[in-house]
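Here is the file data.pdb (PDB, C-alpha atoms (C1' of nucleotides)).
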ATOM      1  CA  MET C   1      26.487 -16.903   7.007
ATOM      2  CA  ARG C   2      26.115 -18.006   3.457
ATOM      3  CA  PRO C   3      29.251 -17.449   1.403
ATOM      4  CA  TYR C   4      29.611 -15.224  -1.612
ATOM      5  CA  SER C   5      29.415 -18.057  -4.085
ATOM      6  CA  ASP C   6      25.955 -18.812  -2.759
ATOM      7  CA  ALA C   7      24.648 -15.433  -3.850
ATOM      8  CA  LEU C   8      26.093 -16.038  -7.275
ATOM      9  CA  GLN C   9      24.543 -19.482  -7.458
ATOM     10  CA  ARG C  10      21.241 -18.188  -6.202
ATOM     11  CA  LEU C  11      21.029 -15.688  -9.026
ATOM     12  CA  ARG C  12      22.071 -18.252 -11.616
ATOM     13  CA  ASP C  13      19.471 -20.694 -10.363
ATOM     14  CA  ALA C  14      16.846 -17.991 -10.533
ATOM     15  CA  GLY C  15      17.776 -17.248 -14.120
ATOM     16  CA  LEU C  16      19.014 -13.778 -13.281
ATOM     17  CA  ARG C  17      22.196 -12.544 -14.826
ATOM     18  CA  PRO C  18      24.607 -12.011 -11.941
ATOM     19  CA  THR C  19      25.462  -8.369 -12.400
ATOM     20  CA  ARG C  20      27.502  -6.315  -9.979
ATOM     21  CA  GLN C  21      24.421  -4.684  -8.472
ATOM     22  CA  ARG C  22      22.348  -7.804  -8.170
ATOM     23  CA  LEU C  23      25.213  -9.612  -6.494
ATOM     24  CA  ALA C  24      25.691  -6.756  -4.072
ATOM     25  CA  LEU C  25      22.021  -6.720  -3.116
ATOM     26  CA  ALA C  26      21.806 -10.498  -2.960
ATOM     27  CA  ARG C  27      24.739 -10.554  -0.565
ATOM     28  CA  LEU C  28      23.208  -7.860   1.580
ATOM     29  CA  LEU C  29      19.899  -9.667   1.733
ATOM     30  CA  PHE C  30      20.899 -13.291   1.992
ATOM     31  CA  SER C  31      24.074 -13.199   4.027
ATOM     32  CA  GLY C  32      23.960 -12.614   7.725
ATOM     33  CA  GLU C  33      20.643 -12.508   9.512
ATOM     34  CA  GLU C  34      18.148 -15.062   8.326
ATOM     35  CA  ASN C  35      14.737 -13.455   8.277
ATOM     36  CA  ARG C  36      14.797  -9.854   7.289
ATOM     37  CA  HIS C  37      11.969  -7.460   6.542
ATOM     38  CA  VAL C  38      13.184  -4.574   4.490
ATOM     39  CA  THR C  39      11.914  -1.727   2.408
ATOM     40  CA  ALA C  40      13.548  -0.559  -0.788
ATOM     41  CA  GLU C  41      14.793   2.480   1.111
ATOM     42  CA  ASP C  42      16.420   0.247   3.720
ATOM     43  CA  VAL C  43      18.249  -1.754   1.099
ATOM     44  CA  HIS C  44      19.303   1.359  -0.738
ATOM     45  CA  ALA C  45      20.758   2.849   2.441
ATOM     46  CA  GLU C  46      22.575  -0.373   3.276
ATOM     47  CA  ALA C  47      24.069  -0.577  -0.169
ATOM     48  CA  GLN C  48      25.401   2.963   0.177
ATOM     49  CA  ALA C  49      26.785   2.162   3.593
ATOM     50  CA  ALA C  50      28.428  -0.964   2.254
ATOM     51  CA  GLY C  51      30.212   1.086  -0.371
ATOM     52  CA  THR C  52      28.216  -0.370  -3.222
ATOM     53  CA  PRO C  53      26.188   2.532  -4.528
ATOM     54  CA  VAL C  54      23.095   1.428  -6.421
ATOM     55  CA  ALA C  55      20.420   3.740  -7.724
ATOM     56  CA  LEU C  56      17.168   3.618  -5.763
ATOM     57  CA  ALA C  57      15.263   2.809  -8.941
ATOM     58  CA  THR C  58      17.551  -0.155  -9.493
ATOM     59  CA  VAL C  59      16.926  -1.324  -5.952
ATOM     60  CA  TYR C  60      13.198  -1.279  -6.636
ATOM     61  CA  ASN C  61      13.608  -3.088  -9.918
ATOM     62  CA  THR C  62      15.934  -5.637  -8.403
ATOM     63  CA  LEU C  63      13.708  -6.351  -5.418
ATOM     64  CA  ASN C  64      10.808  -6.879  -7.783
ATOM     65  CA  GLN C  65      12.856  -9.208  -9.927
ATOM     66  CA  PHE C  66      13.926 -11.157  -6.856
ATOM     67  CA  THR C  67      10.313 -11.393  -5.827
ATOM     68  CA  ASP C  68       9.212 -12.622  -9.247
ATOM     69  CA  ALA C  69      12.023 -15.147  -9.169
ATOM     70  CA  GLY C  70      10.842 -16.430  -5.809
ATOM     71  CA  LEU C  71      13.856 -15.262  -3.824
ATOM     72  CA  LEU C  72      11.851 -12.751  -1.828
ATOM     73  CA  ARG C  73       8.314 -12.333  -0.682
ATOM     74  CA  GLU C  74       6.334  -9.149  -0.688
ATOM     75  CA  ILE C  75       4.388  -8.260   2.452
ATOM     76  CA  VAL C  76       1.644  -5.679   2.535
ATOM     77  CA  VAL C  77       0.721  -4.463   5.978
ATOM     78  CA  GLU C  78       0.716  -0.694   5.771
ATOM     79  CA  PRO C  79      -0.774   1.440   3.086
ATOM     80  CA  GLY C  80       1.893   3.143   1.047
ATOM     81  CA  ARG C  81       4.859   1.016   2.040
ATOM     82  CA  THR C  82       6.034  -2.327   0.742
ATOM     83  CA  TYR C  83       8.144  -4.714   2.755
ATOM     84  CA  PHE C  84      10.198  -7.543   1.351
ATOM     85  CA  ASP C  85      10.795 -10.661   3.403
ATOM     86  CA  THR C  86      13.896 -12.778   2.920
ATOM     87  CA  ASN C  87      12.035 -15.698   4.435
ATOM     88  CA  ILE C  88      10.105 -17.347   1.625
ATOM     89  CA  ASP C  89       8.918 -20.342   3.610
ATOM     90  CA  ASP C  90       5.340 -20.673   4.727
ATOM     91  CA  HIS C  91       4.939 -18.423   7.733
ATOM     92  CA  HIS C  92       3.046 -15.453   9.137
ATOM     93  CA  HIS C  93       3.681 -12.176  10.902
ATOM     94  CA  PHE C  94       3.282 -10.079  13.956
ATOM     95  CA  PHE C  95       3.096  -6.433  13.077
ATOM     96  CA  ILE C  96       3.796  -3.882  15.778
ATOM     97  CA  GLU C  97       1.994  -0.859  14.443
ATOM     98  CA  SER C  98       3.599   1.697  16.706
ATOM     99  CA  GLU C  99       7.027   0.778  15.401
ATOM    100  CA  SER C 100       6.160  -0.469  11.942
ATOM    101  CA  GLU C 101       8.012  -3.625  12.885
ATOM    102  CA  LEU C 102       7.449  -7.065  11.411
ATOM    103  CA  ILE C 103       8.255 -10.303  13.233
ATOM    104  CA  ASP C 104       8.078 -13.768  11.731
ATOM    105  CA  VAL C 105       5.724 -16.355  13.145
ATOM    106  CA  PRO C 106       6.368 -19.954  12.087
ATOM    107  CA  ALA C 107       3.526 -21.488  10.118
ATOM    108  CA  GLU C 108       3.125 -24.339  12.610
ATOM    109  CA  SER C 109       2.271 -22.104  15.511
ATOM    110  CA  LEU C 110      -0.522 -20.275  13.760
ATOM    111  CA  SER C 111      -2.625 -22.270  11.416
ATOM    112  CA  VAL C 112      -6.092 -21.900  10.096
ATOM    113  CA  SER C 113      -8.665 -24.246  11.494
ATOM    114  CA  GLU C 114     -10.999 -24.767   8.633
ATOM    115  CA  MET C 115     -11.190 -23.245   5.228
ATOM    116  CA  PRO C 116     -14.529 -22.143   3.819
ATOM    117  CA  GLU C 117     -15.537 -23.027   0.316
ATOM    118  CA  LEU C 118     -13.553 -21.129  -2.300
ATOM    119  CA  PRO C 119     -15.198 -19.140  -5.067
ATOM    120  CA  ASP C 120     -15.626 -21.074  -8.317
ATOM    121  CA  GLY C 121     -12.586 -21.619 -10.461
ATOM    122  CA  THR C 122     -10.117 -20.427  -7.897
ATOM    123  CA  GLU C 123      -7.444 -22.033  -5.797
ATOM    124  CA  ILE C 124      -5.366 -20.841  -2.894
ATOM    125  CA  ARG C 125      -2.105 -19.174  -3.735
ATOM    126  CA  ARG C 126      -1.202 -18.217  -0.222
ATOM    127  CA  VAL C 127      -2.690 -17.500   3.172
ATOM    128  CA  ASP C 128      -1.380 -14.386   4.864
ATOM    129  CA  ILE C 129      -2.017 -13.905   8.546
ATOM    130  CA  VAL C 130      -1.048 -10.631  10.163
ATOM    131  CA  VAL C 131      -1.436 -10.324  13.909
ATOM    132  CA  ARG C 132      -1.557  -6.592  14.544
ATOM    133  CA  LEU C 133      -0.163  -5.655  17.911
ATOM    134  CA  LYS C 134      -0.337  -2.546  19.981
ATOM    135  CA  ASP C 135       1.518  -1.550  23.122
ATOM    136  CA  ARG C 136      -0.330  -2.874  26.143
ATOM    137  CA  ASP C 137       0.004   0.352  28.071
ATOM    138  CA  ALA C 138      -0.785   2.627  25.170
ATOM    139  CA  ALA C 139      -3.532   5.128  25.873
ATOM    140  CA  ALA C 140      -6.577   4.194  23.866
ATOM    141  CA  SER C 141      -6.591   6.766  21.093
TER
ATOM    142  CA  MET K   1     -31.898  -1.269   3.238
ATOM    143  CA  ARG K   2     -31.252   1.195   5.981
ATOM    144  CA  PRO K   3     -33.227   4.415   5.645
ATOM    145  CA  TYR K   4     -31.864   7.918   5.282
ATOM    146  CA  SER K   5     -32.380   8.819   8.891
ATOM    147  CA  ASP K   6     -30.058   6.015   9.851
ATOM    148  CA  ALA K   7     -27.155   7.675   8.054
ATOM    149  CA  LEU K   8     -27.885  10.851   9.950
ATOM    150  CA  GLN K   9     -28.023   9.019  13.247
ATOM    151  CA  ARG K  10     -24.883   7.118  12.464
ATOM    152  CA  LEU K  11     -22.950  10.318  11.981
ATOM    153  CA  ARG K  12     -24.384  11.883  15.105
ATOM    154  CA  ASP K  13     -23.501   8.810  17.140
ATOM    155  CA  ALA K  14     -19.999   8.903  15.764
ATOM    156  CA  GLY K  15     -19.633  12.517  16.763
ATOM    157  CA  LEU K  16     -19.360  13.695  13.193
ATOM    158  CA  ARG K  17     -21.203  16.780  12.111
ATOM    159  CA  PRO K  18     -23.717  15.637   9.509
ATOM    160  CA  THR K  19     -22.721  17.784   6.577
ATOM    161  CA  ARG K  20     -24.116  17.446   3.090
ATOM    162  CA  GLN K  21     -21.069  15.543   1.845
ATOM    163  CA  ARG K  22     -20.747  13.207   4.796
ATOM    164  CA  LEU K  23     -24.427  12.361   4.584
ATOM    165  CA  ALA K  24     -24.133  11.684   0.884
ATOM    166  CA  LEU K  25     -21.174   9.358   1.372
ATOM    167  CA  ALA K  26     -22.711   7.668   4.393
ATOM    168  CA  ARG K  27     -25.825   6.938   2.393
ATOM    169  CA  LEU K  28     -23.803   5.566  -0.491
ATOM    170  CA  LEU K  29     -21.796   3.341   1.807
ATOM    171  CA  PHE K  30     -24.332   2.150   4.337
ATOM    172  CA  SER K  31     -27.531   1.880   2.356
ATOM    173  CA  GLY K  32     -28.040  -0.972  -0.023
ATOM    174  CA  GLU K  33     -25.551  -3.793  -0.169
ATOM    175  CA  GLU K  34     -24.218  -4.870   3.212
ATOM    176  CA  ASN K  35     -20.547  -5.656   2.854
ATOM    177  CA  ARG K  36     -18.801  -3.421   0.447
ATOM    178  CA  HIS K  37     -15.111  -3.089  -0.322
ATOM    179  CA  VAL K  38     -14.396   0.221  -1.908
ATOM    180  CA  THR K  39     -11.531   2.489  -2.766
ATOM    181  CA  ALA K  40     -11.670   6.244  -2.492
ATOM    182  CA  GLU K  41     -11.823   6.401  -6.268
ATOM    183  CA  ASP K  42     -14.843   4.094  -6.284
ATOM    184  CA  VAL K  43     -16.695   6.243  -3.806
ATOM    185  CA  HIS K  44     -15.792   9.396  -5.639
ATOM    186  CA  ALA K  45     -17.105   7.978  -8.897
ATOM    187  CA  GLU K  46     -20.320   6.820  -7.230
ATOM    188  CA  ALA K  47     -20.890  10.196  -5.700
ATOM    189  CA  GLN K  48     -20.523  11.848  -9.094
ATOM    190  CA  ALA K  49     -22.888   9.329 -10.630
ATOM    191  CA  ALA K  50     -25.394   9.913  -7.846
ATOM    192  CA  GLY K  51     -25.412  13.605  -8.625
ATOM    193  CA  THR K  52     -23.654  14.535  -5.392
ATOM    194  CA  PRO K  53     -20.310  15.866  -6.497
ATOM    195  CA  VAL K  54     -17.697  15.693  -3.750
ATOM    196  CA  ALA K  55     -14.035  16.515  -4.174
ATOM    197  CA  LEU K  56     -11.748  13.495  -4.237
ATOM    198  CA  ALA K  57      -9.727  14.957  -1.371
ATOM    199  CA  THR K  58     -12.905  15.229   0.661
ATOM    200  CA  VAL K  59     -13.701  11.610  -0.090
ATOM    201  CA  TYR K  60     -10.306  10.604   1.255
ATOM    202  CA  ASN K  61     -10.708  12.757   4.328
ATOM    203  CA  THR K  62     -14.210  11.511   4.941
ATOM    204  CA  LEU K  63     -13.298   7.852   4.566
ATOM    205  CA  ASN K  64     -10.473   8.351   7.033
ATOM    206  CA  GLN K  65     -12.784  10.072   9.483
ATOM    207  CA  PHE K  66     -15.304   7.265   9.152
ATOM    208  CA  THR K  67     -12.515   4.787   9.791
ATOM    209  CA  ASP K  68     -11.323   6.660  12.869
ATOM    210  CA  ALA K  69     -14.888   6.802  14.097
ATOM    211  CA  GLY K  70     -15.230   3.045  13.692
ATOM    212  CA  LEU K  71     -17.754   3.152  10.879
ATOM    213  CA  LEU K  72     -15.377   1.654   8.359
ATOM    214  CA  ARG K  73     -12.393  -0.613   8.380
ATOM    215  CA  GLU K  74      -9.261  -0.218   6.353
ATOM    216  CA  ILE K  75      -7.924  -3.244   4.511
ATOM    217  CA  VAL K  76      -4.443  -3.469   3.086
ATOM    218  CA  VAL K  77      -3.947  -6.198   0.530
ATOM    219  CA  GLU K  78      -2.236  -4.550  -2.392
ATOM    220  CA  PRO K  79       0.650  -2.170  -2.317
ATOM    221  CA  GLY K  80      -0.400   1.306  -3.275
ATOM    222  CA  ARG K  81      -4.140   0.934  -2.872
ATOM    223  CA  THR K  82      -6.309   1.150   0.192
ATOM    224  CA  TYR K  83      -9.674  -0.536   0.474
ATOM    225  CA  PHE K  84     -12.372   0.381   2.943
ATOM    226  CA  ASP K  85     -14.745  -2.263   4.228
ATOM    227  CA  THR K  86     -18.256  -1.384   5.350
ATOM    228  CA  ASN K  87     -18.284  -4.548   7.421
ATOM    229  CA  ILE K  88     -16.661  -3.709  10.730
ATOM    230  CA  ASP K  89     -17.427  -7.000  12.437
ATOM    231  CA  ASP K  90     -14.718  -9.550  13.073
ATOM    232  CA  HIS K  91     -14.103 -11.319   9.781
ATOM    233  CA  HIS K  92     -11.500 -12.106   7.135
ATOM    234  CA  HIS K  93     -11.066 -11.989   3.375
ATOM    235  CA  PHE K  94     -10.559 -13.822   0.176
ATOM    236  CA  PHE K  95      -8.596 -11.749  -2.263
ATOM    237  CA  ILE K  96      -8.772 -12.648  -5.938
ATOM    238  CA  GLU K  97      -5.569 -11.141  -7.200
ATOM    239  CA  SER K  98      -6.378 -11.287 -10.895
ATOM    240  CA  GLU K  99      -9.419  -9.103 -10.338
ATOM    241  CA  SER K 100      -8.343  -7.174  -7.264
ATOM    242  CA  GLU K 101     -11.570  -8.373  -5.700
ATOM    243  CA  LEU K 102     -12.224  -8.788  -1.996
ATOM    244  CA  ILE K 103     -14.775 -11.197  -0.549
ATOM    245  CA  ASP K 104     -15.762 -11.413   3.090
ATOM    246  CA  VAL K 105     -15.202 -14.586   5.055
ATOM    247  CA  PRO K 106     -17.053 -14.852   8.359
ATOM    248  CA  ALA K 107     -14.770 -15.061  11.371
ATOM    249  CA  GLU K 108     -16.267 -18.370  12.488
ATOM    250  CA  SER K 109     -15.290 -20.239   9.362
ATOM    251  CA  LEU K 110     -11.641 -19.310   9.527
ATOM    252  CA  SER K 111     -10.109 -19.131  12.916
ATOM    253  CA  VAL K 112      -6.605 -19.382  14.177
ATOM    254  CA  SER K 113      -5.679 -22.555  15.988
ATOM    255  CA  GLU K 114      -3.195 -21.440  18.532
ATOM    256  CA  MET K 115      -1.511 -18.143  19.132
ATOM    257  CA  PRO K 116       2.221 -18.036  19.786
ATOM    258  CA  GLU K 117       3.599 -15.976  22.603
ATOM    259  CA  LEU K 118       3.377 -12.251  21.944
ATOM    260  CA  PRO K 119       6.358  -9.928  22.177
ATOM    261  CA  ASP K 120       6.721  -8.256  25.569
ATOM    262  CA  GLY K 121       4.407  -5.406  26.415
ATOM    263  CA  THR K 122       2.103  -5.954  23.467
ATOM    264  CA  GLU K 123      -1.427  -7.119  23.008
ATOM    265  CA  ILE K 124      -3.472  -8.092  20.001
ATOM    266  CA  ARG K 125      -5.359  -5.343  18.267
ATOM    267  CA  ARG K 126      -6.624  -7.420  15.416
ATOM    268  CA  VAL K 127      -5.892 -10.530  13.406
ATOM    269  CA  ASP K 128      -6.120 -10.117   9.655
ATOM    270  CA  ILE K 129      -6.290 -13.188   7.480
ATOM    271  CA  VAL K 130      -6.127 -12.810   3.733
ATOM    272  CA  VAL K 131      -6.573 -15.906   1.617
ATOM    273  CA  ARG K 132      -5.010 -15.004  -1.713
ATOM    274  CA  LEU K 133      -6.633 -16.775  -4.614
ATOM    275  CA  LYS K 134      -5.647 -17.298  -8.195
ATOM    276  CA  ASP K 135      -7.608 -18.653 -11.122
ATOM    277  CA  ARG K 136      -7.328 -22.412 -11.184
ATOM    278  CA  ASP K 137      -6.746 -22.575 -14.905
ATOM    279  CA  ALA K 138      -4.363 -19.638 -15.035
ATOM    280  CA  ALA K 139      -1.095 -20.396 -16.740
ATOM    281  CA  ALA K 140       1.650 -20.437 -14.147
ATOM    282  CA  SER K 141       3.379 -17.142 -14.701
TER
ATOM    283  C1'  DA A   1      28.654  -8.292 -30.809
ATOM    284  C1'  DT A   2      24.468  -8.075 -28.811
ATOM    285  C1'  DA A   3      21.041  -8.341 -25.666
ATOM    286  C1'  DC A   4      20.311  -7.393 -20.937
ATOM    287  C1'  DT A   5      21.081  -3.911 -17.144
ATOM    288  C1'  DT A   6      21.875   0.277 -14.979
ATOM    289  C1'  DG A   7      21.516   5.168 -13.730
ATOM    290  C1'  DC A   8      19.184   9.119 -13.620
ATOM    291  C1'  DA A   9      15.543  12.135 -13.978
ATOM    292  C1'  DA A  10      11.088  12.690 -15.057
ATOM    293  C1'  DA A  11       6.629  10.684 -14.843
ATOM    294  C1'  DT A  12       2.935   8.476 -12.341
ATOM    295  C1'  DC A  13      -0.088   6.929  -8.710
ATOM    296  C1'  DG A  14      -2.442   7.165  -4.535
ATOM    297  C1'  DT A  15      -3.013  10.080  -0.794
ATOM    298  C1'  DT A  16      -2.481  14.290   2.221
ATOM    299  C1'  DT A  17      -2.308  19.195   3.220
ATOM    300  C1'  DG A  18      -2.789  24.459   3.189
ATOM    301  C1'  DC A  19      -5.803  27.904   2.867
ATOM    302  C1'  DA A  20      -9.570  30.749   1.413
ATOM    303  C1'  DA A  21     -14.501  30.119   0.823
ATOM    304  C1'  DT A  22     -18.600  27.925   2.798
ATOM    305  C1'  DA A  23     -21.911  25.466   5.693
ATOM    306  C1'  DC A  24     -23.453  23.939  10.196
ATOM    307  C1'  DC A  25     -25.228  24.841  15.042
TER
ATOM    308  C1'  DG S   1     -21.022  34.340  14.814
ATOM    309  C1'  DG S   2     -17.781  31.246  15.434
ATOM    310  C1'  DT S   3     -15.982  26.926  14.457
ATOM    311  C1'  DA S   4     -15.842  22.831  11.693
ATOM    312  C1'  DT S   5     -15.789  21.438   6.935
ATOM    313  C1'  DT S   6     -15.111  21.706   1.977
ATOM    314  C1'  DG S   7     -12.882  22.419  -2.462
ATOM    315  C1'  DC S   8      -9.147  22.919  -5.082
ATOM    316  C1'  DA S   9      -4.606  22.874  -6.270
ATOM    317  C1'  DA S  10      -0.354  22.090  -4.857
ATOM    318  C1'  DA S  11       2.596  19.102  -2.096
ATOM    319  C1'  DC S  12       3.913  14.471  -1.037
ATOM    320  C1'  DG S  13       6.084   9.918  -0.654
ATOM    321  C1'  DA S  14       6.555   5.620  -2.763
ATOM    322  C1'  DT S  15       7.198   3.326  -6.899
ATOM    323  C1'  DT S  16       7.754   2.949 -12.053
ATOM    324  C1'  DT S  17       9.403   4.118 -16.594
ATOM    325  C1'  DG S  18      12.053   5.982 -20.736
ATOM    326  C1'  DC S  19      16.178   6.266 -22.681
ATOM    327  C1'  DA S  20      21.112   6.784 -23.289
ATOM    328  C1'  DA S  21      25.259   4.644 -21.546
ATOM    329  C1'  DG S  22      27.463   0.562 -19.561
ATOM    330  C1'  DT S  23      28.253  -4.513 -18.965
ATOM    331  C1'  DA S  24      27.820  -9.687 -18.941
ATOM    332  C1'  DT S  25      28.176 -13.637 -21.895
TER
END
Starting from the coordinates I provided, produce the structure as structure tokens.
Amino acid sequence: MRPYSDALQRLRDAGLRPTRQRLALARLLFSGEENRHVTAEDVHAEAQAAGTPVALATVYNTLNQFTDAGLLREIVVEPGRTYFDTNIDDHHHFFIESESELIDVPAESLSVSEMPELPDGTEIRRVDIVVRLKDRDAAAS
Amino acid sequence: MRPYSDALQRLRDAGLRPTRQRLALARLLFSGEENRHVTAEDVHAEAQAAGTPVALATVYNTLNQFTDAGLLREIVVEPGRTYFDTNIDDHHHFFIESESELIDVPAESLSVSEMPELPDGTEIRRVDIVVRLKDRDAAAS
DNA sequence: ATACTTGCAAATCGTTTGCAATACC
DNA sequence: GGTATTGCAAACGATTTGCAAGTAT
């Protein structure tokens, strides 16, 4: 449970003006549970529920700002839906397709054996591994 | 260079009625270059250019049918844009973010070391590895 | 005081769908 | 002929943007 002042500090450190809305969202995202995978809709709903109404557009803008500032990480696993991960450390994901659920996998337990030669003039920014899971008993479609 | 009749056979084998449009798109996708990464827009534009006008909606529907039939594979790397890969073998990708370009990486040259325990009742459907690249000389944003 | 933020609604983008017209077997 | 497929436009869901009003420093 990180305290309120941490959210404030986090924003300051990221060079983001600590406005009412940003603080509210930062507290929602960074207090409590450690590794969360949320959509903008999720965060919007939570903010409403927490009695801190924030426009959906502002949620989108804020999540993008947090991402640019390195406080969040964007995950793309499904077409047409963006998830944000509060865990910004090096790690990977299980993705349960039937439930659209993401689960963190520590980087240590899933590493790449050997990297092929990169195209000229490029360097690695990140390696994303998504292990797509299905229910074992599911009827083959 | 696979011949025309191959496209026809491919559709038959997949249980898809070989209509004019599906044949046209199958030929575009499966003749010529081996491993292509295309968006629906790309395919639509190519069809126009090839003198085989097909409605964009039909392109979408057809690409989805091909994917369901196992002729194509869907790749999700960018929010809000779906790529289709004509290479359906086990493999992974480089993704050059500055150009939105995908490059195939053979499965052998990039394998996962050790798989953590899966959540209960699930099994692996696929492992997707995306190595995100940036230009080496690019100014840090 | 002034620049940065927010809210809201409208705009946009990629993709899907409904339905009448058309093509395949 | 009967069913699957197409085209088109309209519907859609997620995300972004423009601008007037509000707020942090």
Selected by the PyMOL selection byres ((chain K) within 12 of (chain A)) in the shown coordinates: which residues, as a PDB file with C-alpha atoms, in the frame of the given file?
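Output contents, as saved in expr-v4.pdb:
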ATOM      1  CA  LEU K  16     -19.360  13.695  13.193  1.00  0.00           C
ATOM      2  CA  ARG K  17     -21.203  16.780  12.111  1.00  0.00           C
ATOM      3  CA  PRO K  18     -23.717  15.637   9.509  1.00  0.00           C
ATOM      4  CA  THR K  19     -22.721  17.784   6.577  1.00  0.00           C
ATOM      5  CA  ARG K  20     -24.116  17.446   3.090  1.00  0.00           C
ATOM      6  CA  GLN K  21     -21.069  15.543   1.845  1.00  0.00           C
ATOM      7  CA  THR K  39     -11.531   2.489  -2.766  1.00  0.00           C
ATOM      8  CA  ALA K  40     -11.670   6.244  -2.492  1.00  0.00           C
ATOM      9  CA  GLU K  41     -11.823   6.401  -6.268  1.00  0.00           C
ATOM     10  CA  LEU K  56     -11.748  13.495  -4.237  1.00  0.00           C
ATOM     11  CA  ALA K  57      -9.727  14.957  -1.371  1.00  0.00           C
ATOM     12  CA  THR K  58     -12.905  15.229   0.661  1.00  0.00           C
ATOM     13  CA  VAL K  59     -13.701  11.610  -0.090  1.00  0.00           C
ATOM     14  CA  TYR K  60     -10.306  10.604   1.255  1.00  0.00           C
ATOM     15  CA  ASN K  61     -10.708  12.757   4.328  1.00  0.00           C
ATOM     16  CA  LEU K  63     -13.298   7.852   4.566  1.00  0.00           C
ATOM     17  CA  ASN K  64     -10.473   8.351   7.033  1.00  0.00           C
ATOM     18  CA  GLU K  78      -2.236  -4.550  -2.392  1.00  0.00           C
ATOM     19  CA  PRO K  79       0.650  -2.170  -2.317  1.00  0.00           C
ATOM     20  CA  GLY K  80      -0.400   1.306  -3.275  1.00  0.00           C
ATOM     21  CA  ARG K  81      -4.140   0.934  -2.872  1.00  0.00           C
ATOM     22  CA  THR K  82      -6.309   1.150   0.192  1.00  0.00           C
ATOM     23  CA  TYR K  83      -9.674  -0.536   0.474  1.00  0.00           C
TER      24      TYR K  83
END
* To do: Specify as JSON, numbers by chain all residues of chain S found within 8 Å of chain K, counting only C-alpha atoms (C1' of nucleotides).
  => {"S": [5, 6, 7]}
Could you list the residues chosen by the PyMOL selection byres ((chain C and resi 34) around 12) in this structure as a CSV table (one decimal) with C-alpha atoms, in the frame of the given file?
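Saved result, selection-v7.csv, follows:
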chain,number,residue,atom,x,y,z
C,1,MET,CA,26.5,-16.9,7.0
C,2,ARG,CA,26.1,-18.0,3.5
C,27,ARG,CA,24.7,-10.6,-0.6
C,28,LEU,CA,23.2,-7.9,1.6
C,29,LEU,CA,19.9,-9.7,1.7
C,30,PHE,CA,20.9,-13.3,2.0
C,31,SER,CA,24.1,-13.2,4.0
C,32,GLY,CA,24.0,-12.6,7.7
C,33,GLU,CA,20.6,-12.5,9.5
C,35,ASN,CA,14.7,-13.5,8.3
C,36,ARG,CA,14.8,-9.9,7.3
C,37,HIS,CA,12.0,-7.5,6.5
C,85,ASP,CA,10.8,-10.7,3.4
C,86,THR,CA,13.9,-12.8,2.9
C,87,ASN,CA,12.0,-15.7,4.4
C,88,ILE,CA,10.1,-17.3,1.6
C,89,ASP,CA,8.9,-20.3,3.6
C,104,ASP,CA,8.1,-13.8,11.7
* To do: Define the interface residues of chain K facing chain C as those within 10 Å, counting all atoms listed in the file, and report them as a VMD selection string.
  => chain K and resid 68 74 to 83 92 94 to 97 103 105 to 106 108 to 138 141
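With atom CA of Phe66 of chain K on one side and atom CA of His93 of chain C on the other, the separation reads 27.2 Å.
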* **Separation of atom CA of Leu25 of chain C from atom CA of Asp6 of chain C, in Å and rounded to one decimal** =>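 Calculated distance between atom CA of Leu25 of chain C and atom CA of Asp6 of chain C is 12.7 Å.
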* **Two-atom distance - atom CA of Gln48 of chain K, atom CA of Ser98 of chain K (Å)** =>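 Atom CA of Ser98 of chain K lies 27.2 Å from atom CA of Gln48 of chain K.
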